[in-house]
Amino acid sequence: MKVLLASVLVVSAVAVPGQAVASGIDKPLTVAGQAAAMQKDFGLTEQQMNARLKSETDAAKLLPAAQKAAGAEFGGAWYDAGTQKLVVGLAGSSRANAVRATGVATVAVPKSAAVLDKQKAAVDKLAGKAVPAAVSGWSADPKTGSVVVNVQAGKRSQAVDAFVAKVAKAGTVTVREVAAQAPQTFAAGTVGGDPYYVSNIRCSIGFSVYGGYVTAGHCGRSGIVRGWDGSNQGEFRGWSFPGNDYAWVQTGYGWWTVPVVLGWGQTSDSLVRGSWEAPVGSSVCRSGSTTHWHCGAVLAKNETVNYGNGQLFYGATKTSVCAEGGDSGGSFITGDQAQGVTSGGWGNCSSGGETWFQPVNEILQAYGLTLHTA
């Protein structure tokens with residue numbers, strides 16, 4: 001896509017981290033035209049989509065106070081689209097009245113978020129790198145108090161059962177059958193007119209930071225990064241994959257950054273104003289150089305994804321958004337708040353699928369970067 005040099009930046013678990021969670025959220029989580037662009041992916045009318053966005057905004061604003069009120073009994077939180085309320089799990093009853101007083105719904109859960117996160121970390125350690133190809137990944141489920149192991153439909157075997165038995169030493173494990181397709185990263189061979197290239201790989205730019213931009217780690221390579229027009233754009237200054245899936249590029253050669261995510265003509269280009277984290281169940285949209293703009297919901301956090309051949313990705317956020325090759329590194333955004341960069345998934349944007357992203361705040365912390373905001 002031929003854009004102005006100034007538009008290089010894709011003008012486009014359970015516990016909640018204690019970063020910039022809801023400061024400055026005083027309007028629905030959308031920008032002009034975004035609700036209309038989301039209608040197709042959610043199958044809602046404009047009025048229904050606007051109502052959902054408003055209730056998601058209200059939920060996000062309540063989360064910090066609700067988590068604080070829950071204290072050590074906090075057992076996770078998620079947005080319930082049916083009731084249009086934020087639900088907070090509680091591993092105990094002594095804080096229930098205080099939590100409900102913040103305006104959220106509560107439900108009893110078997111374990112606190114802290115305990116379940118420790119169990120998930122123990123599963124990661126026990127799993128090692130030799131994970132059966134039929135295991136797509138695993139994540140902590142606050143509702144059941146277990147670590148859910150995702151096994152591809154029709155592919156359960158003795159090797160899978162042995163793996164489940166091994167990781168069950170950490171605590172309660174539940175096996176869930178998922179799509180038969182295995183997750184894969186979304187890089188692609190070089191195709192003309194796309195945001196950036198490195199070696200023979202095309203990927204998408206995520207978010208502008210002061211001095212460059214963040215993107216997916218599996219796109220990282222030594223040497224010069226080239227922009228959409230083939231001119232030198234910058235160099236990778238850090239990348240991490242597998243384990244994590246993040247990287248950052250320091251720009252130069254006359255390129256500069258802007259706090260914008262491309263709407264690709266499907267919605268208005270979105271200004272980036274912060275990076276507070278949307279709860280599970282919230283709407284989220286993705287911008288990428290191959291399939292452009294698509295939306296869905298946050299399905300899970302702190303999930304471990306098995307990309308095969310010993311390539312595990314820890315701490316991923318799972319979404320119902322589709323993606324395809326070349327979308328890797330692209331922006332995940334809720335309203336004007338950066339969420340993360342595209343890692344991989346299964347399926348495509350014709351028949352559907354799921355995609356995982358690397359949370360952006362972890363990238364910023366890892367490299368000491370500052371998000372470029374409007």
# chains A, B, ... in the order shown; residues from 1 in each chain; ligands from 1
$ residues_around --residues "Glu324 of chain A" --least-positions-apart "6" --cutoff "12 Å" --atoms "only C-alpha atoms" --output "MDAnalysis selection string"
chainID A and resid 183:189 202:204 286:294 330 342:356
$ residues_around --residues "segment 100-111 of chain A" --least-positions-apart "4" --cutoff "6 Å" --atoms "only C-alpha atoms" --output "ChimeraX atom specification"
/A:66,86-91,143,145
$ residues_around --residues "Gln337 of chain A" --least-positions-apart "6" --cutoff "7 Å" --atoms "only C-alpha atoms" --output "PyMOL selection string"
chain A and resi 272-276
$ write_last_selection --atoms "N, CA and C atoms" --output "PDB file, in the first residue's frame"
ATOM      1  N   VAL A 272      -3.739   6.759  18.400  1.00  0.00           N
ATOM      2  CA  VAL A 272      -3.382   5.951  19.561  1.00  0.00           C
ATOM      3  C   VAL A 272      -3.160   6.889  20.740  1.00  0.00           C
ATOM      4  N   ARG A 273      -3.925   6.707  21.800  1.00  0.00           N
ATOM      5  CA  ARG A 273      -3.853   7.616  22.945  1.00  0.00           C
ATOM      6  C   ARG A 273      -3.343   6.948  24.224  1.00  0.00           C
ATOM      7  N   GLY A 274      -3.151   5.633  24.186  1.00  0.00           N
ATOM      8  CA  GLY A 274      -2.671   4.957  25.384  1.00  0.00           C
ATOM      9  C   GLY A 274      -2.599   3.466  25.152  1.00  0.00           C
ATOM     10  N   SER A 275      -2.411   2.716  26.256  1.00  0.00           N
ATOM     11  CA  SER A 275      -2.272   1.263  26.125  1.00  0.00           C
ATOM     12  C   SER A 275      -2.846   0.533  27.336  1.00  0.00           C
ATOM     13  N   TRP A 276      -3.996   1.015  27.860  1.00  0.00           N
ATOM     14  CA  TRP A 276      -4.611   0.246  28.933  1.00  0.00           C
ATOM     15  C   TRP A 276      -5.160  -1.041  28.346  1.00  0.00           C
TER      16      TRP A 276
END
$ atom_distance --atom1 "atom CA of Val305 of chain A" --atom2 "atom CA of Gly212 of chain A"
27.5 Å
$ closest_residue --among "A:Ala133, A:Ala159, A:Val261, A:Ala300" --to "Gly76 of chain A" --atoms "only C-alpha atoms"
A:Ala300
$ select_by_dssp --residues "segment 115-338 of chain A" --states "strand (DSSP E)" --output "PyMOL selection string"
chain A and resi 135-141+146-152+173-178+184-185+188-189+196-198+201-203+207-209+212-215+224-227+232-240+246-251+260-261+270-271+283-288+292-306+312-319+331-334+337-338
$ residues_around --residues "Pro259 of chain A" --least-positions-apart "5" --cutoff "6 Å" --atoms "only C-alpha atoms" --output "list in words"
Ser208, Leu271, Val272, His372, Thr373 and Ala374 of chain A
$ atom_distance --atom1 "atom CA of Gly326 of chain A" --atom2 "atom CA of Glu277 of chain A"
24.9 Å
$ residues_around --residues "Leu299 of chain A" --least-positions-apart "2" --cutoff "8 Å" --atoms "only C-alpha atoms" --output "list in words"
Val280, Gly281, Ala297, Lys301, Thr317, Lys318, Thr319 and Ser320 of chain A
$ write_last_selection --atoms "C-alpha atoms" --output "mmCIF file, in the first residue's frame"
data_model
loop_
_atom_site.group_PDB
_atom_site.id
_atom_site.type_symbol
_atom_site.label_atom_id
_atom_site.label_comp_id
_atom_site.auth_asym_id
_atom_site.auth_seq_id
_atom_site.Cartn_x
_atom_site.Cartn_y
_atom_site.Cartn_z
ATOM 1 C CA VAL A 280 -11.532 -10.700 28.325
ATOM 2 C CA GLY A 281 -14.820 -10.497 26.401
ATOM 3 C CA ALA A 297 -13.411 -10.295 20.850
ATOM 4 C CA LYS A 301 -5.135 -14.010 28.272
ATOM 5 C CA THR A 317 -3.769 -12.983 24.269
ATOM 6 C CA LYS A 318 -6.249 -15.032 22.240
ATOM 7 C CA THR A 319 -8.896 -13.389 20.044
ATOM 8 C CA SER A 320 -11.653 -14.358 17.609
#
$ atom_distance --atom1 "atom CA of Leu371 of chain A" --atom2 "atom CA of Val284 of chain A"
18.7 Å
$ residues_around --residues "segment 50-52 of chain A" --least-positions-apart "3" --cutoff "12 Å" --atoms "only C-alpha atoms" --output "MDAnalysis selection string"
chainID A and resid 27:39 42 44:47 55:59 79:85 281:283 297 335
$ write_last_selection --atoms "N, CA, C and O atoms" --output "tab-separated table (two decimals), in the first residue's frame"
chain	number	residue	atom	x	y	z
A	27	LYS	N	-15.22	8.27	27.17
A	27	LYS	CA	-16.14	8.14	26.04
A	27	LYS	C	-16.09	6.70	25.55
A	27	LYS	O	-15.17	5.97	25.88
A	28	PRO	N	-17.10	6.25	24.80
A	28	PRO	CA	-17.09	4.87	24.33
A	28	PRO	C	-15.81	4.51	23.59
A	28	PRO	O	-15.19	5.34	22.94
A	29	LEU	N	-15.42	3.22	23.71
A	29	LEU	CA	-14.16	2.75	23.15
A	29	LEU	C	-14.23	2.61	21.64
A	29	LEU	O	-14.17	1.52	21.09
A	30	THR	N	-14.36	3.69	20.94
A	30	THR	CA	-14.37	3.67	19.48
A	30	THR	C	-14.01	5.04	18.97
A	30	THR	O	-13.97	6.01	19.71
A	31	VAL	N	-13.71	5.11	17.70
A	31	VAL	CA	-13.47	6.39	17.05
A	31	VAL	C	-14.44	6.49	15.90
A	31	VAL	O	-15.13	5.54	15.56
A	32	ALA	N	-14.50	7.66	15.27
A	32	ALA	CA	-15.47	7.89	14.21
A	32	ALA	C	-15.42	6.80	13.16
A	32	ALA	O	-14.38	6.49	12.60
A	33	GLY	N	-16.56	6.17	12.90
A	33	GLY	CA	-16.67	5.17	11.85
A	33	GLY	C	-16.27	3.77	12.28
A	33	GLY	O	-16.53	2.80	11.59
A	34	GLN	N	-15.63	3.62	13.47
A	34	GLN	CA	-15.14	2.31	13.88
A	34	GLN	C	-16.29	1.36	14.18
A	34	GLN	O	-16.22	0.17	13.84
A	35	ALA	N	-17.33	1.85	14.81
A	35	ALA	CA	-18.47	0.99	15.14
A	35	ALA	C	-19.08	0.39	13.89
A	35	ALA	O	-19.42	-0.79	13.84
A	36	ALA	N	-19.22	1.21	12.85
A	36	ALA	CA	-19.80	0.72	11.60
A	36	ALA	C	-18.91	-0.36	10.98
A	36	ALA	O	-19.40	-1.36	10.45
A	37	ALA	N	-17.60	-0.19	11.06
A	37	ALA	CA	-16.68	-1.17	10.50
A	37	ALA	C	-16.72	-2.48	11.27
A	37	ALA	O	-16.44	-3.55	10.72
A	38	MET	N	-17.06	-2.42	12.56
A	38	MET	CA	-17.11	-3.61	13.40
A	38	MET	C	-18.39	-4.41	13.23
A	38	MET	O	-18.44	-5.59	13.57
A	39	GLN	N	-19.43	-3.79	12.70
A	39	GLN	CA	-20.73	-4.43	12.61
A	39	GLN	C	-20.69	-5.75	11.85
A	39	GLN	O	-21.29	-6.74	12.26
A	42	PHE	N	-19.15	-8.65	13.90
A	42	PHE	CA	-19.94	-9.04	15.06
A	42	PHE	C	-21.37	-9.42	14.70
A	42	PHE	O	-22.09	-10.00	15.51
A	44	LEU	N	-23.90	-7.33	14.18
A	44	LEU	CA	-24.80	-6.48	14.96
A	44	LEU	C	-25.22	-5.27	14.14
A	44	LEU	O	-24.56	-4.88	13.19
A	45	THR	N	-26.33	-4.67	14.54
A	45	THR	CA	-26.74	-3.41	13.93
A	45	THR	C	-25.87	-2.30	14.48
A	45	THR	O	-25.17	-2.47	15.49
A	46	GLU	N	-25.93	-1.13	13.85
A	46	GLU	CA	-25.13	-0.01	14.34
A	46	GLU	C	-25.55	0.36	15.76
A	46	GLU	O	-24.70	0.64	16.61
A	47	GLN	N	-26.85	0.34	16.03
A	47	GLN	CA	-27.34	0.68	17.37
A	47	GLN	C	-26.83	-0.34	18.39
A	47	GLN	O	-26.38	0.03	19.49
A	55	SER	N	-21.14	-0.12	26.83
A	55	SER	CA	-21.10	-0.96	28.02
A	55	SER	C	-19.69	-1.50	28.27
A	55	SER	O	-19.28	-1.68	29.42
A	56	GLU	N	-18.92	-1.75	27.20
A	56	GLU	CA	-17.54	-2.18	27.38
A	56	GLU	C	-16.70	-1.07	28.01
A	56	GLU	O	-15.83	-1.32	28.84
A	57	THR	N	-16.98	0.16	27.61
A	57	THR	CA	-16.28	1.30	28.20
A	57	THR	C	-16.57	1.39	29.69
A	57	THR	O	-15.67	1.57	30.52
A	58	ASP	N	-17.85	1.25	30.03
A	58	ASP	CA	-18.24	1.29	31.45
A	58	ASP	C	-17.54	0.19	32.24
A	58	ASP	O	-17.07	0.40	33.35
A	59	ALA	N	-17.45	-1.01	31.63
A	59	ALA	CA	-16.80	-2.14	32.30
A	59	ALA	C	-15.32	-1.85	32.54
A	59	ALA	O	-14.79	-2.12	33.62
A	79	TYR	N	-15.67	-9.51	30.58
A	79	TYR	CA	-16.87	-8.79	30.16
A	79	TYR	C	-17.88	-9.79	29.64
A	79	TYR	O	-17.58	-10.63	28.80
A	80	ASP	N	-19.12	-9.73	30.15
A	80	ASP	CA	-20.20	-10.61	29.72
A	80	ASP	C	-21.07	-9.84	28.73
A	80	ASP	O	-21.82	-8.93	29.11
A	81	ALA	N	-20.95	-10.19	27.43
A	81	ALA	CA	-21.71	-9.47	26.40
A	81	ALA	C	-23.21	-9.67	26.55
A	81	ALA	O	-23.99	-8.83	26.12
A	82	GLY	N	-23.63	-10.79	27.15
A	82	GLY	CA	-25.06	-11.05	27.32
A	82	GLY	C	-25.71	-10.10	28.31
A	82	GLY	O	-26.77	-9.52	28.05
A	83	THR	N	-25.06	-9.93	29.47
A	83	THR	CA	-25.60	-9.03	30.50
A	83	THR	C	-25.06	-7.62	30.36
A	83	THR	O	-25.52	-6.71	31.04
A	84	GLN	N	-24.02	-7.45	29.50
A	84	GLN	CA	-23.35	-6.16	29.29
A	84	GLN	C	-22.77	-5.61	30.59
A	84	GLN	O	-22.84	-4.43	30.88
A	85	LYS	N	-22.17	-6.53	31.37
A	85	LYS	CA	-21.58	-6.14	32.63
A	85	LYS	C	-20.20	-6.76	32.78
A	85	LYS	O	-19.90	-7.80	32.19
A	281	GLY	N	-13.44	-10.72	26.80
A	281	GLY	CA	-14.82	-10.50	26.40
A	281	GLY	C	-15.02	-9.18	25.68
A	281	GLY	O	-16.06	-8.97	25.04
A	282	SER	N	-14.03	-8.29	25.75
A	282	SER	CA	-14.13	-6.98	25.10
A	282	SER	C	-13.92	-7.10	23.59
A	282	SER	O	-13.29	-8.03	23.10
A	283	SER	N	-14.41	-6.11	22.87
A	283	SER	CA	-14.16	-6.02	21.44
A	283	SER	C	-12.73	-5.59	21.18
A	283	SER	O	-12.14	-4.85	21.97
A	297	ALA	N	-13.41	-10.46	19.40
A	297	ALA	CA	-13.41	-10.30	20.85
A	297	ALA	C	-12.18	-10.93	21.47
A	297	ALA	O	-11.57	-11.84	20.89
A	335	GLY	N	-10.65	0.78	20.45
A	335	GLY	CA	-10.86	2.22	20.45
A	335	GLY	C	-9.58	2.93	20.09
A	335	GLY	O	-9.04	2.75	19.01
$ residues_around --residues "Leu312 of chain A" --least-positions-apart "6" --cutoff "7 Å" --atoms "only C-alpha atoms" --output "ChimeraX atom specification"
/A:242-243,304-306
$ select_by_dssp --residues "segment 91-328 of chain A" --states "alpha helix (DSSP H)" --output "VMD selection string"
chain A and resid 96 to 100 113 to 127 158 to 167
$ closest_residue --among "A:Ile224, A:Val167, A:Ala278, A:Ala70" --to "Tyr253 of chain A" --atoms "only C-alpha atoms"
A:Ile224
